[in-house]
file upload-v8.cif (mmCIF, C-alpha atoms)
data_run
loop_
_atom_site.label_atom_id
_atom_site.label_comp_id
_atom_site.auth_asym_id
_atom_site.auth_seq_id
_atom_site.Cartn_x
_atom_site.Cartn_y
_atom_site.Cartn_z
CA MET A 34 145.84 115.89 96.90
CA ALA A 35 142.89 113.73 97.79
CA GLU A 36 141.21 111.36 95.42
CA PHE A 37 137.45 111.50 95.35
CA CYS A 38 136.09 108.14 94.23
CA MET A 39 132.75 106.87 93.04
CA PRO A 40 131.11 106.16 96.40
CA SER A 41 129.35 102.94 97.23
CA LEU A 42 125.76 103.92 97.91
CA GLY A 43 124.73 100.59 99.32
CA ALA A 44 125.97 97.05 99.72
CA ASP A 45 124.50 96.22 96.34
CA MET A 46 126.01 98.99 94.21
CA LYS A 47 128.79 98.12 91.78
CA LYS A 48 128.86 101.16 89.52
CA GLY A 49 127.23 104.51 88.94
CA THR A 50 126.72 106.82 85.99
CA LEU A 51 127.85 110.39 86.45
CA VAL A 52 124.92 112.58 85.47
CA GLU A 53 126.17 116.05 86.30
CA TRP A 54 128.95 117.87 88.07
CA LYS A 55 127.78 120.59 90.46
CA VAL A 56 131.31 122.01 90.73
CA LYS A 57 134.11 122.93 88.36
CA PRO A 58 137.90 122.96 88.76
CA GLY A 59 138.94 125.80 91.03
CA ASP A 60 135.76 125.73 93.12
CA ARG A 61 136.20 125.65 96.87
CA VAL A 62 134.19 122.87 98.50
CA ARG A 63 133.28 122.15 102.09
CA ARG A 64 132.63 118.76 103.65
CA GLY A 65 128.97 117.90 103.01
CA ASP A 66 128.60 120.01 99.85
CA ILE A 67 126.83 118.29 96.99
CA ILE A 68 129.33 118.06 94.16
CA ALA A 69 127.72 115.68 91.69
CA GLU A 70 124.67 113.71 90.73
CA VAL A 71 125.07 110.02 90.07
CA GLU A 72 122.52 107.69 88.60
CA THR A 73 122.27 104.33 90.31
CA GLU A 74 119.85 101.44 90.27
CA LYS A 75 117.99 103.31 92.96
CA GLY A 76 117.59 106.54 91.06
CA ILE A 77 119.60 109.74 90.89
CA ILE A 78 121.59 110.41 94.04
CA GLU A 79 123.22 113.66 95.07
CA ILE A 80 126.82 112.98 96.07
CA GLU A 81 128.42 114.86 98.95
CA VAL A 82 132.11 115.58 99.29
CA PHE A 83 133.85 114.34 102.45
CA MET A 84 136.65 116.89 102.70
CA ASP A 85 137.32 120.60 102.61
CA GLY A 86 139.43 121.85 99.73
CA VAL A 87 139.55 123.06 96.16
CA VAL A 88 138.47 121.02 93.16
CA GLU A 89 141.64 120.35 91.19
CA LYS A 90 140.38 118.18 88.40
CA LEU A 91 137.25 116.31 87.35
CA THR A 92 138.44 113.01 85.93
CA ALA A 93 135.03 111.60 85.01
CA LYS A 94 132.61 113.35 82.72
CA PRO A 95 128.83 113.32 82.55
CA GLY A 96 127.66 110.11 80.96
CA ASP A 97 130.62 108.05 82.20
CA GLU A 98 129.74 104.77 83.87
CA VAL A 99 132.24 104.42 86.71
CA PRO A 100 132.88 101.40 88.97
CA VAL A 101 132.63 101.99 92.71
CA GLY A 102 136.01 103.05 94.10
CA GLU A 103 137.36 104.56 90.88
CA VAL A 104 138.61 108.13 91.07
CA ILE A 105 136.18 110.69 89.65
CA ALA A 106 137.78 113.90 90.92
CA LEU A 107 140.89 115.23 92.58
CA ILE A 108 140.49 117.61 95.47
CA ARG A 109 143.32 119.71 96.82
CA THR A 110 142.70 119.60 100.55
CA GLU A 111 143.74 122.49 102.77
CA GLU A 112 146.39 120.36 104.38
CA ALA A 113 147.87 119.58 100.99
CA GLU A 114 147.66 123.22 100.01
CA GLU A 115 149.82 124.17 102.96
CA THR A 116 152.39 121.51 102.14
CA GLU A 117 152.38 122.48 98.49
CA ALA A 118 152.88 126.13 99.38
CA ARG A 119 156.16 125.12 100.99
CA LEU A 120 157.26 123.14 97.96
CA LYS A 121 159.46 124.66 95.34
CA VAL A 122 158.02 123.96 91.94
CA SER A 123 158.87 125.40 88.54
CA PRO A 124 155.88 127.13 86.91
CA ALA A 125 155.93 124.72 83.96
CA ALA A 126 155.96 121.76 86.36
CA ARG A 127 153.02 123.17 88.34
CA LYS A 128 151.02 123.65 85.14
CA LYS A 129 151.78 120.15 83.85
CA ALA A 130 150.97 118.56 87.20
CA ALA A 131 147.61 120.34 87.29
CA GLU A 132 146.83 119.15 83.76
CA LEU A 133 147.67 115.59 84.67
CA GLY A 134 145.94 115.82 88.02
CA LEU A 135 149.13 114.85 89.84
CA ASP A 136 149.77 115.45 93.51
CA LEU A 137 152.90 117.59 93.76
CA THR A 138 153.65 116.42 97.26
CA GLY A 139 154.20 112.91 95.95
CA ILE A 140 156.82 113.90 93.35
CA GLN A 141 160.54 113.42 93.95
CA PRO A 142 162.33 116.75 93.23
CA THR A 143 165.63 116.73 91.26
CA GLY A 144 165.70 120.37 90.10
CA PRO A 145 167.99 123.11 91.40
CA ASP A 146 167.53 123.99 95.08
CA GLY A 147 165.36 120.89 95.60
CA ALA A 148 162.64 122.23 93.31
CA ILE A 149 160.29 120.05 91.30
CA SER A 150 161.06 120.41 87.61
CA LEU A 151 158.98 119.67 84.55
CA ALA A 152 161.06 116.53 84.02
CA ASP A 153 160.16 115.32 87.53
CA VAL A 154 156.47 115.73 86.80
CA GLU A 155 156.74 113.90 83.49
CA ARG A 156 158.62 111.07 85.10
CA ALA A 157 156.02 110.81 87.85
CA ALA A 158 153.26 110.82 85.25
CA GLY A 159 154.89 107.85 83.53
CA GLY A 160 154.34 105.76 86.61
CA ILE A 161 150.63 106.38 86.65
CA PRO A 162 148.59 103.70 84.99
CA ALA A 163 146.48 104.89 82.10
CA LYS A 164 142.91 105.61 83.07
CA LYS A 165 140.61 102.72 82.43
CA ALA A 166 138.45 103.12 79.41
CA VAL A 167 134.88 103.78 80.41
CA LYS A 168 131.98 102.54 78.42
CA PRO A 169 129.69 105.14 76.93
CA ALA A 170 126.79 105.76 79.25
CA ALA A 171 123.30 104.58 78.63
CA PRO A 172 121.22 107.38 77.20
CA ALA A 173 119.47 109.63 79.66
CA GLY A 174 115.75 109.16 80.23
CA LYS A 175 115.91 105.41 80.48
CA GLU A 176 112.90 103.25 80.02
CA ILE A 177 111.02 102.66 83.24
CA SER A 178 111.41 98.94 82.72
CA ASP A 179 115.21 99.33 82.82
CA PHE A 180 114.92 101.17 86.08
CA GLN A 181 112.69 98.47 87.49
CA LEU A 182 115.04 95.76 86.33
CA GLY A 183 117.98 97.51 87.93
CA MET A 184 116.07 98.05 91.14
CA ARG A 185 115.04 94.38 91.31
CA ARG A 186 118.64 93.31 90.72
CA ALA A 187 119.90 95.64 93.44
CA ILE A 188 117.34 94.27 95.88
CA ALA A 189 118.13 90.72 94.76
CA ALA A 190 121.85 91.23 95.43
CA ALA A 191 121.36 92.74 98.89
CA MET A 192 118.63 90.38 100.05
CA GLY A 193 120.34 87.32 98.58
CA ARG A 194 123.49 88.23 100.48
CA SER A 195 121.47 88.83 103.64
CA ASN A 196 119.83 85.43 103.54
CA ARG A 197 123.12 83.70 102.72
CA GLU A 198 125.22 85.43 105.36
CA ILE A 199 122.98 86.56 108.18
CA PRO A 200 121.55 84.01 110.59
CA HIS A 201 118.29 85.80 111.37
CA TYR A 202 116.24 85.38 114.49
CA TYR A 203 112.79 86.89 114.91
CA LEU A 204 110.95 88.14 117.98
CA GLU A 205 107.48 89.56 118.08
CA THR A 206 105.44 91.30 120.70
CA ARG A 207 102.11 93.10 120.86
CA ILE A 208 102.14 96.60 122.29
CA ASP A 209 99.17 98.39 123.82
CA LEU A 210 99.05 101.80 122.15
CA SER A 211 96.03 103.22 123.98
CA ARG A 212 98.09 105.71 126.00
CA ALA A 213 100.14 106.72 122.98
CA MET A 214 97.09 107.13 120.75
CA ASN A 215 95.19 109.10 123.39
CA TRP A 216 98.13 111.43 123.75
CA LEU A 217 98.44 111.74 119.95
CA THR A 218 94.73 112.46 119.44
CA ALA A 219 94.78 115.18 122.09
CA GLU A 220 97.96 116.64 120.65
CA ASN A 221 96.63 116.64 117.08
CA GLN A 222 93.42 118.34 118.18
CA LYS A 223 95.55 121.31 119.19
CA ARG A 224 97.31 121.39 115.84
CA SER A 225 96.42 122.64 112.40
CA VAL A 226 96.27 119.95 109.69
CA LYS A 227 99.73 120.71 108.38
CA ASP A 228 101.33 120.24 111.79
CA ARG A 229 99.65 116.97 112.69
CA LEU A 230 101.71 113.98 113.70
CA LEU A 231 101.24 110.46 112.41
CA PRO A 232 101.48 107.44 114.73
CA VAL A 233 104.49 106.13 112.82
CA VAL A 234 106.56 109.03 114.16
CA LEU A 235 105.98 107.80 117.72
CA LEU A 236 107.01 104.30 116.70
CA LEU A 237 110.13 105.62 114.98
CA LYS A 238 111.21 107.70 117.95
CA ALA A 239 110.55 104.91 120.44
CA ALA A 240 112.61 102.48 118.36
CA ALA A 241 115.45 104.99 117.95
CA LEU A 242 115.58 105.67 121.70
CA ALA A 243 115.50 101.96 122.47
CA LEU A 244 118.49 101.46 120.16
CA THR A 245 120.55 103.93 122.19
CA ASP A 246 119.76 101.76 125.22
CA ILE A 247 120.50 98.51 123.39
CA PRO A 248 123.48 99.30 121.12
CA ALA A 249 124.01 95.65 120.19
CA LEU A 250 121.27 96.05 117.58
CA ASN A 251 122.63 99.23 116.04
CA GLY A 252 125.56 99.45 113.62
CA TYR A 253 127.26 97.07 111.22
CA TRP A 254 128.68 93.58 111.02
CA VAL A 255 132.05 94.20 109.38
CA GLU A 256 135.28 92.20 109.41
CA ASP A 257 133.75 89.38 111.37
CA ARG A 258 132.60 91.45 114.29
CA HIS A 259 129.87 93.85 115.29
CA GLN A 260 130.88 97.48 115.08
CA PRO A 261 128.27 99.36 117.06
CA SER A 262 127.37 102.86 116.01
CA GLU A 263 126.89 105.60 118.56
CA ALA A 264 124.68 107.55 116.17
CA VAL A 265 121.25 106.12 115.45
CA HIS A 266 120.48 106.69 111.77
CA VAL A 267 117.23 104.91 111.01
CA GLY A 268 116.72 103.70 107.46
CA PHE A 269 113.03 104.09 106.79
CA ALA A 270 111.75 101.70 104.14
CA ILE A 271 109.82 103.62 101.48
CA ALA A 272 108.01 101.80 98.71
CA LEU A 273 108.28 103.33 95.25
CA ARG A 274 105.17 103.61 93.16
CA GLN A 275 106.83 101.97 90.17
CA GLY A 276 107.93 99.05 92.35
CA GLY A 277 110.91 98.41 94.56
CA LEU A 278 111.91 100.19 97.71
CA ILE A 279 114.60 102.38 99.21
CA ALA A 280 115.39 102.81 102.90
CA PRO A 281 117.11 106.20 103.20
CA ALA A 282 118.51 107.27 106.55
CA ILE A 283 116.83 109.63 108.97
CA HIS A 284 119.95 110.95 110.66
CA ASP A 285 120.16 111.02 114.48
CA ALA A 286 116.55 109.95 114.87
CA ASN A 287 117.06 109.41 118.60
CA ARG A 288 117.88 113.09 119.12
CA LYS A 289 115.17 114.68 117.01
CA SER A 290 111.82 115.96 118.23
CA LEU A 291 108.62 114.39 116.94
CA ASP A 292 108.03 117.47 114.79
CA GLU A 293 111.50 117.25 113.28
CA LEU A 294 111.01 113.55 112.58
CA MET A 295 107.66 114.23 110.96
CA SER A 296 109.08 116.85 108.62
CA ASP A 297 112.17 114.72 107.92
CA MET A 298 110.01 111.76 106.96
CA ARG A 299 107.75 113.86 104.78
CA ASP A 300 110.76 115.36 103.02
CA LEU A 301 112.45 111.98 102.64
CA ILE A 302 109.37 110.33 101.15
CA ALA A 303 108.95 113.14 98.62
CA ARG A 304 112.63 113.07 97.62
CA THR A 305 112.76 109.27 97.47
CA ARG A 306 109.84 109.23 95.07
CA SER A 307 111.20 112.09 92.94
CA GLY A 308 114.70 110.56 92.92
CA ARG A 309 116.60 113.27 94.78
CA LEU A 310 118.30 111.53 97.67
CA ARG A 311 121.76 112.34 98.98
CA GLY A 312 124.62 109.89 99.13
CA SER A 313 124.79 110.06 102.93
CA GLU A 314 121.11 109.15 103.16
CA MET A 315 121.80 106.07 101.05
CA THR A 316 124.75 104.85 103.08
CA ASP A 317 124.46 106.02 106.68
CA ALA A 318 121.55 103.95 108.02
CA THR A 319 122.62 101.92 111.05
CA VAL A 320 119.32 100.02 111.32
CA THR A 321 116.16 99.74 109.22
CA LEU A 322 112.55 100.31 110.15
CA THR A 323 109.69 99.05 108.05
CA ASN A 324 106.00 99.70 108.48
CA LEU A 325 103.50 98.02 106.22
CA GLY A 326 100.61 98.82 108.53
CA ASP A 327 99.02 101.17 106.02
CA LEU A 328 98.57 98.19 103.73
CA GLY A 329 96.82 96.24 106.44
CA VAL A 330 99.74 93.99 107.34
CA GLU A 331 99.68 92.88 110.97
CA THR A 332 103.20 91.50 111.30
CA THR A 333 106.35 91.65 109.17
CA TYR A 334 109.38 89.38 109.49
CA GLY A 335 111.87 91.57 107.68
CA VAL A 336 115.13 90.71 105.97
CA ILE A 337 118.10 92.62 107.43
CA TYR A 338 119.88 95.01 105.05
CA PRO A 339 123.57 94.08 105.23
CA PRO A 340 125.86 95.07 106.83
CA GLN A 341 123.27 96.22 109.39
CA VAL A 342 122.48 93.86 112.24
CA ALA A 343 118.79 94.44 112.88
CA LEU A 344 115.51 95.40 111.31
CA VAL A 345 112.51 96.63 113.25
CA SER A 346 108.98 96.39 111.91
CA PHE A 347 105.60 97.57 113.00
CA GLY A 348 102.27 96.36 111.69
CA ARG A 349 98.84 97.90 111.50
CA ILE A 350 97.46 99.54 114.60
CA MET A 351 94.26 97.58 115.29
CA ASP A 352 91.60 97.62 117.93
CA GLN A 353 91.98 94.33 119.79
CA PRO A 354 90.81 92.72 123.01
CA TRP A 355 93.37 93.38 125.74
CA VAL A 356 93.53 92.15 129.31
CA GLU A 357 95.04 94.29 132.03
CA ASN A 358 94.58 93.82 135.79
CA GLY A 359 92.07 91.07 135.13
CA MET A 360 89.86 93.36 133.06
CA ILE A 361 89.24 92.86 129.38
CA GLY A 362 88.88 95.88 127.15
CA ILE A 363 89.33 96.98 123.56
CA ARG A 364 92.54 98.83 122.83
CA PRO A 365 94.60 99.95 119.84
CA VAL A 366 97.39 97.39 119.58
CA VAL A 367 100.41 97.16 117.30
CA SER A 368 102.63 94.21 116.62
CA ALA A 369 106.35 95.03 116.87
CA THR A 370 108.84 92.62 115.34
CA LEU A 371 112.59 92.48 115.55
CA SER A 372 114.72 90.68 112.99
CA GLY A 373 118.11 90.26 114.61
CA ASP A 374 121.49 89.12 113.30
CA HIS A 375 122.37 86.22 115.58
CA ARG A 376 126.08 86.81 114.98
CA ALA A 377 125.78 90.22 116.64
CA SER A 378 123.14 89.65 119.31
CA ASP A 379 121.06 87.00 121.05
CA GLY A 380 117.36 86.64 121.65
CA ARG A 381 117.72 87.99 125.16
CA THR A 382 119.07 91.28 123.82
CA GLY A 383 116.30 91.40 121.26
CA ALA A 384 113.72 90.82 123.97
CA GLN A 385 115.16 93.70 125.99
CA PHE A 386 114.89 95.90 122.94
CA LEU A 387 111.20 95.15 122.35
CA HIS A 388 110.52 95.63 126.05
CA THR A 389 112.25 99.02 125.91
CA VAL A 390 110.28 100.10 122.82
CA ASN A 391 107.11 99.23 124.72
CA ARG A 392 108.24 101.22 127.75
CA TYR A 393 108.85 104.35 125.66
CA LEU A 394 105.50 104.02 123.91
CA GLN A 395 103.70 103.97 127.27
CA GLU A 396 105.00 107.48 127.87
CA ALA A 397 104.44 109.04 124.46
CA GLY A 398 104.34 112.56 125.92
CA LYS A 399 108.01 112.26 126.76
CA LEU A 400 109.11 111.09 123.31
CA MET B 299 80.89 126.18 96.05
CA ARG B 300 79.16 124.10 93.42
CA GLU B 301 79.54 120.36 93.61
CA GLU B 302 81.11 120.23 90.13
CA GLN B 303 83.86 122.62 91.19
CA LEU B 304 84.48 120.70 94.39
CA LYS B 305 84.74 117.48 92.47
CA THR B 306 87.32 118.97 90.10
CA ILE B 307 89.43 120.26 92.99
CA LEU B 308 89.21 116.93 94.78
CA LEU B 309 90.15 114.89 91.71
CA ASP B 310 93.04 117.25 90.90
CA THR B 311 94.35 116.90 94.44
CA LEU B 312 94.19 113.12 94.34
CA GLN B 313 95.79 113.03 90.92
CA GLU B 314 98.74 115.10 92.18
CA MET B 315 99.19 112.57 94.95
CA ALA B 316 99.02 109.53 92.70
CA PRO B 317 99.98 110.82 89.23
CA GLU B 318 100.06 107.41 87.56
CA MET B 319 96.62 106.32 88.73
CA ASP B 320 93.56 106.38 86.51
CA LEU B 321 90.98 108.14 88.64
CA ASP B 322 88.19 107.39 86.19
CA ALA B 323 88.63 103.74 87.07
CA VAL B 324 87.93 104.38 90.76
CA SER B 325 84.32 103.85 91.64
CA PRO B 326 82.68 106.38 94.01
CA ASP B 327 82.37 103.92 96.89
CA GLU B 328 85.73 102.19 96.62
CA ASP B 329 88.24 102.52 99.47
CA LEU B 330 90.44 105.34 98.22
CA ARG B 331 93.62 104.49 100.07
CA ARG B 332 93.56 101.00 98.67
CA ALA B 333 92.42 101.99 95.17
CA LEU B 334 95.10 104.67 94.81
CA ASP B 335 97.75 102.86 96.84
CA ILE B 336 98.27 105.85 99.14
CA ASP B 337 99.77 105.57 102.60
CA SER B 338 99.07 107.62 105.71
CA PHE B 339 101.59 110.29 104.68
CA ASP B 340 99.92 110.65 101.28
CA PHE B 341 96.52 110.79 102.92
CA LEU B 342 97.67 113.51 105.31
CA ASN B 343 99.08 115.42 102.34
CA VAL B 344 95.68 115.21 100.63
CA ILE B 345 94.03 116.61 103.77
CA ILE B 346 96.61 119.42 103.91
CA ALA B 347 96.14 120.24 100.22
CA LEU B 348 92.35 120.34 100.62
CA HIS B 349 92.81 122.61 103.61
CA GLU B 350 94.94 124.96 101.54
CA LYS B 351 92.64 124.97 98.51
CA LEU B 352 89.30 125.06 100.27
CA GLY B 353 90.10 126.47 103.70
CA VAL B 354 88.49 123.43 105.32
CA GLU B 355 90.06 122.33 108.60
CA ILE B 356 89.34 118.61 108.81
CA PRO B 357 89.62 117.19 112.35
CA GLU B 358 91.16 113.74 112.72
CA ALA B 359 87.92 112.43 114.14
CA ASP B 360 86.32 112.96 110.71
CA TYR B 361 88.88 110.95 108.73
CA GLY B 362 86.51 108.00 108.79
CA ARG B 363 84.11 109.90 106.54
CA LEU B 364 86.80 110.43 103.91
CA ASN B 365 87.48 106.86 102.88
CA THR B 366 85.73 107.04 99.52
CA LEU B 367 85.28 109.55 96.71
CA SER B 368 81.58 109.90 97.43
CA GLY B 369 82.25 110.25 101.17
CA MET B 370 84.84 112.96 100.53
CA LEU B 371 82.55 114.89 98.21
CA ALA B 372 79.64 114.75 100.62
CA TYR B 373 81.83 115.81 103.52
CA LEU B 374 83.45 118.67 101.64
CA SER B 375 80.19 120.03 100.30
CA ASP B 376 78.78 119.98 103.86
CA ARG B 377 81.79 121.86 105.15
CA THR B 378 82.10 124.39 102.33
CA GLY B 379 78.37 125.06 102.38
#
call {"tool": "encode", "arguments": {"input": "upload-v8.cif", "output": "structure tokens"}}
result
Amino acid sequence: MAEFCMPSLGADMKKGTLVEWKVKPGDRVRRGDIIAEVETEKGIIEIEVFMDGVVEKLTAKPGDEVPVGEVIALIRTEEAEETEARLKVSPAARKKAAELGLDLTGIQPTGPDGAISLADVERAAGGIPAKKAVKPAAPAGKEISDFQLGMRRAIAAAMGRSNREIPHYYLETRIDLSRAMNWLTAENQKRSVKDRLLPVVLLLKAAALALTDIPALNGYWVEDRHQPSEAVHVGFAIALRQGGLIAPAIHDANRKSLDELMSDMRDLIARTRSGRLRGSEMTDATVTLTNLGDLGVETTYGVIYPPQVALVSFGRIMDQPWVENGMIGIRPVVSATLSGDHRASDGRTGAQFLHTVNRYLQEAGKL
Amino acid sequence: MREEQLKTILLDTLQEMAPEMDLDAVSPDEDLRRALDIDSFDFLNVIIALHEKLGVEIPEADYGRLNTLSGMLAYLSDRTG
């Protein structure tokens, strides 16, 4: 039997309120299925299951406020099913164990022929600590101000930790986007409005590709060392209209086409604002990208989201004087900034990263 | 299409994009993106919605004429004739 616990949906989450179960006991679930909705400080999140099996028992009920790491369901995995099938268990014992949510494979048999008896189950149940009392949940349809307060506290916890623990360094460079923008304009002319690409998609793809080249900036700082991630899941910072922000992950951004990235971003923005993100989107980001260019910001020096080790930001794309081969001209230019965790990487690595981003953006047609 | 009708469609579209904004408070010549706090994705969604509702294909090169309510109305009434 596998225990399914309240997942941590971010470094700042301490508890979640179960809103709804999407499964019932007896349902077969596959890894990645959405089995519940949990309300957090960042809105309602759809929770995915991480194993294949059959739902044995739901130990938390809608409305329960559950600390991160506490069991909310028991899932009989296929492996366990096979082992259990080989076990000899009296029918009464099987029934009692199911009621109590006990794993039969963990029970010492004393019955005839090495079978698990009802007495064995009851004895095993005695050793299980009583379930912690859970406070009644806050009523549904919370005041917006509560949501905002929770969101601010979540951001405060994560950013406070970041500034306490992460020795940031910052590097900035200006990138000539004339080739990229020319390519984009020509490409968009061929497309209908609904298929048009936005410049931010080029920036996202270039950054994701550069991270595969410079893995020291991708992944997590855990247990006093950098644990690089092979996958590049880019957390894309999205501001909420009511205040606050969430940076859900765009999975495998380095491997997706510009069209896929465009539709992923569109979908992610809509679901972030309507509060329908998935647990994996909340937890999987291996790096964060922020872009305040739409608001006119030229340069951002971002705060890294722990335990990530880097944050990449782009500013507004602006026409600026630019000198190349001794000639001055006016070109669209963007400022790219890297906030790096100095525990995980050095300025030289960061410089290579920005250089690589630039290189990719000079060949936008290949992105 | 009459200008009144166009205006209604335009305002409805913008309201869908920024449901909590008071459109009456936006003056005709104010920068829309700033006034409604909409980003480039929102703006593109407005263009797509107008395309769907009015059948107007707006080229990127014309985006500069769509920065204000009055600019949008003028542009759309030109294009819908």
call {"tool": "atom_distance", "arguments": {"input": "upload-v8.cif", "atom1": "atom CA of A:Asn221", "atom2": "atom CA of A:Val320"}}
result
28.7 Å
call {"tool": "closest_atom_pairs", "arguments": {"input": "upload-v8.cif", "of": "chain A", "to": "chain B", "cutoff": "8 Å", "atoms": "only C-alpha atoms", "output": "JSON lines"}}
result
{"residue": "A:Thr218", "atom": "CA", "partner": "B:Glu358", "partner_atom": "CA", "distance": 7.7}
{"residue": "A:Asn221", "atom": "CA", "partner": "B:Glu358", "partner_atom": "CA", "distance": 7.6}
{"residue": "A:Gln222", "atom": "CA", "partner": "B:Pro357", "partner_atom": "CA", "distance": 7.1}
{"residue": "A:Ser225", "atom": "CA", "partner": "B:Glu355", "partner_atom": "CA", "distance": 7.4}
{"residue": "A:Val226", "atom": "CA", "partner": "B:Ile346", "partner_atom": "CA", "distance": 5.8}
{"residue": "A:Lys227", "atom": "CA", "partner": "B:Ile346", "partner_atom": "CA", "distance": 5.6}
{"residue": "A:Leu231", "atom": "CA", "partner": "B:Ser338", "partner_atom": "CA", "distance": 7.6}
{"residue": "A:Arg299", "atom": "CA", "partner": "B:Phe339", "partner_atom": "CA", "distance": 7.1}
{"residue": "A:Asp327", "atom": "CA", "partner": "B:Asp337", "partner_atom": "CA", "distance": 5.6}
{"residue": "A:Leu328", "atom": "CA", "partner": "B:Asp337", "partner_atom": "CA", "distance": 7.6}
call {"tool": "atom_distance", "arguments": {"input": "upload-v8.cif", "atom1": "atom CA of A:Met184", "atom2": "atom CA of A:Gly268"}}
result
17.3 Å
call {"tool": "closest_residue", "arguments": {"input": "upload-v8.cif", "among": "A:Ala189, A:Met214, A:Ile149, A:Ala249", "to": "A:Met46", "atoms": "only C-alpha atoms"}}
result
A:Ala189
call {"tool": "residues_around", "arguments": {"input": "upload-v8.cif", "residues": "B:Leu334", "least_positions_apart": "6", "cutoff": "12 Å", "atoms": "only C-alpha atoms", "output": "compact mmCIF listing (two decimals) with C-alpha atoms, keeping the file's coordinate frame"}}
result
# COMPACT_ATOMS: atom_id res chain seq x y z
CA ARG A 274 105.17 103.61 93.16
CA LEU A 328 98.57 98.19 103.73
CA LEU B 309 90.15 114.89 91.71
CA LEU B 312 94.19 113.12 94.34
CA GLN B 313 95.79 113.03 90.92
CA GLU B 314 98.74 115.10 92.18
CA MET B 315 99.19 112.57 94.95
CA ALA B 316 99.02 109.53 92.70
CA PRO B 317 99.98 110.82 89.23
CA GLU B 318 100.06 107.41 87.56
CA MET B 319 96.62 106.32 88.73
CA ASP B 320 93.56 106.38 86.51
CA LEU B 321 90.98 108.14 88.64
CA ASP B 322 88.19 107.39 86.19
CA ALA B 323 88.63 103.74 87.07
CA VAL B 324 87.93 104.38 90.76
CA SER B 325 84.32 103.85 91.64
CA GLU B 328 85.73 102.19 96.62
CA ASP B 340 99.92 110.65 101.28
CA PHE B 341 96.52 110.79 102.92
CA ASN B 365 87.48 106.86 102.88
CA THR B 366 85.73 107.04 99.52
CA LEU B 367 85.28 109.55 96.71
call {"tool": "resolve_selection", "arguments": {"input": "upload-v8.cif", "expression": "the PyMOL selection byres ((chain A and resi 121) around 6)", "output": "ChimeraX atom specification"}}
result
/A:120,122,148
call {"tool": "closest_residue", "arguments": {"input": "upload-v8.cif", "among": "B:Ala372, B:Ala333, B:Asp310, B:Thr378", "to": "B:Gly353", "atoms": "only C-alpha atoms"}}
result
B:Thr378
call {"tool": "closest_residue", "arguments": {"input": "upload-v8.cif", "among": "B:Pro326, B:Leu352, B:Tyr361, B:Thr306", "to": "B:Leu374", "atoms": "only C-alpha atoms"}}
result
B:Leu352
call {"tool": "atom_distance", "arguments": {"input": "upload-v8.cif", "atom1": "atom CA of A:Phe180", "atom2": "atom CA of A:Gly335"}}
result
23.8 Å
call {"tool": "residues_near_point", "arguments": {"input": "upload-v8.cif", "point": "(119.5, 106.6, 89.8)", "cutoff": "9 Å", "atoms": "only C-alpha atoms", "output": "list in words"}}
result
Gly49, Thr50, Glu70, Val71, Glu72, Thr73, Glu74, Lys75, Gly76, Ile77, Ile78, Phe180, Gly308 and Arg309 of chain A
call {"tool": "residues_around", "arguments": {"input": "upload-v8.cif", "residues": "A:Leu291", "least_positions_apart": "4", "cutoff": "8 Å", "atoms": "only C-alpha atoms", "output": "PyMOL selection string"}}
result
chain A and resi 230+234-235+238+295+400
call {"tool": "closest_residue", "arguments": {"input": "upload-v8.cif", "among": "A:Leu204, A:Ile68, A:Ile271, A:Val336", "to": "A:Ala191", "atoms": "only C-alpha atoms"}}
result
A:Val336
call {"tool": "residues_around", "arguments": {"input": "upload-v8.cif", "residues": "A:Gly383", "least_positions_apart": "6", "cutoff": "12 Å", "atoms": "only C-alpha atoms", "output": "JSON, numbers by chain"}}
result
{"A": [201, 202, 203, 204, 205, 206, 243, 244, 246, 247, 248, 249, 250, 251, 342, 343, 344, 345, 369, 370, 371, 372, 373, 374, 375, 377, 389, 390]}
call {"tool": "residues_around", "arguments": {"input": "upload-v8.cif", "residues": "stretch 193-198 of chain A", "least_positions_apart": "4", "cutoff": "9 Å", "atoms": "all atoms listed in the file", "output": "compact mmCIF listing (two decimals) with C-alpha atoms, in the coordinates of the input"}}
result
# COMPACT_ATOMS: atom_id res chain seq x y z
CA ILE A 188 117.34 94.27 95.88
CA ALA A 189 118.13 90.72 94.76
CA VAL A 336 115.13 90.71 105.97
CA ILE A 337 118.10 92.62 107.43
CA TYR A 338 119.88 95.01 105.05
CA PRO A 339 123.57 94.08 105.23
CA PRO A 340 125.86 95.07 106.83
call {"tool": "residues_around", "arguments": {"input": "upload-v8.cif", "residues": "stretch 391-395 of chain A", "least_positions_apart": "5", "cutoff": "9 Å", "atoms": "all atoms listed in the file", "output": "PyMOL selection string"}}
result
chain A and resi 207-213+235-236+238-240+242-243+369+386+400
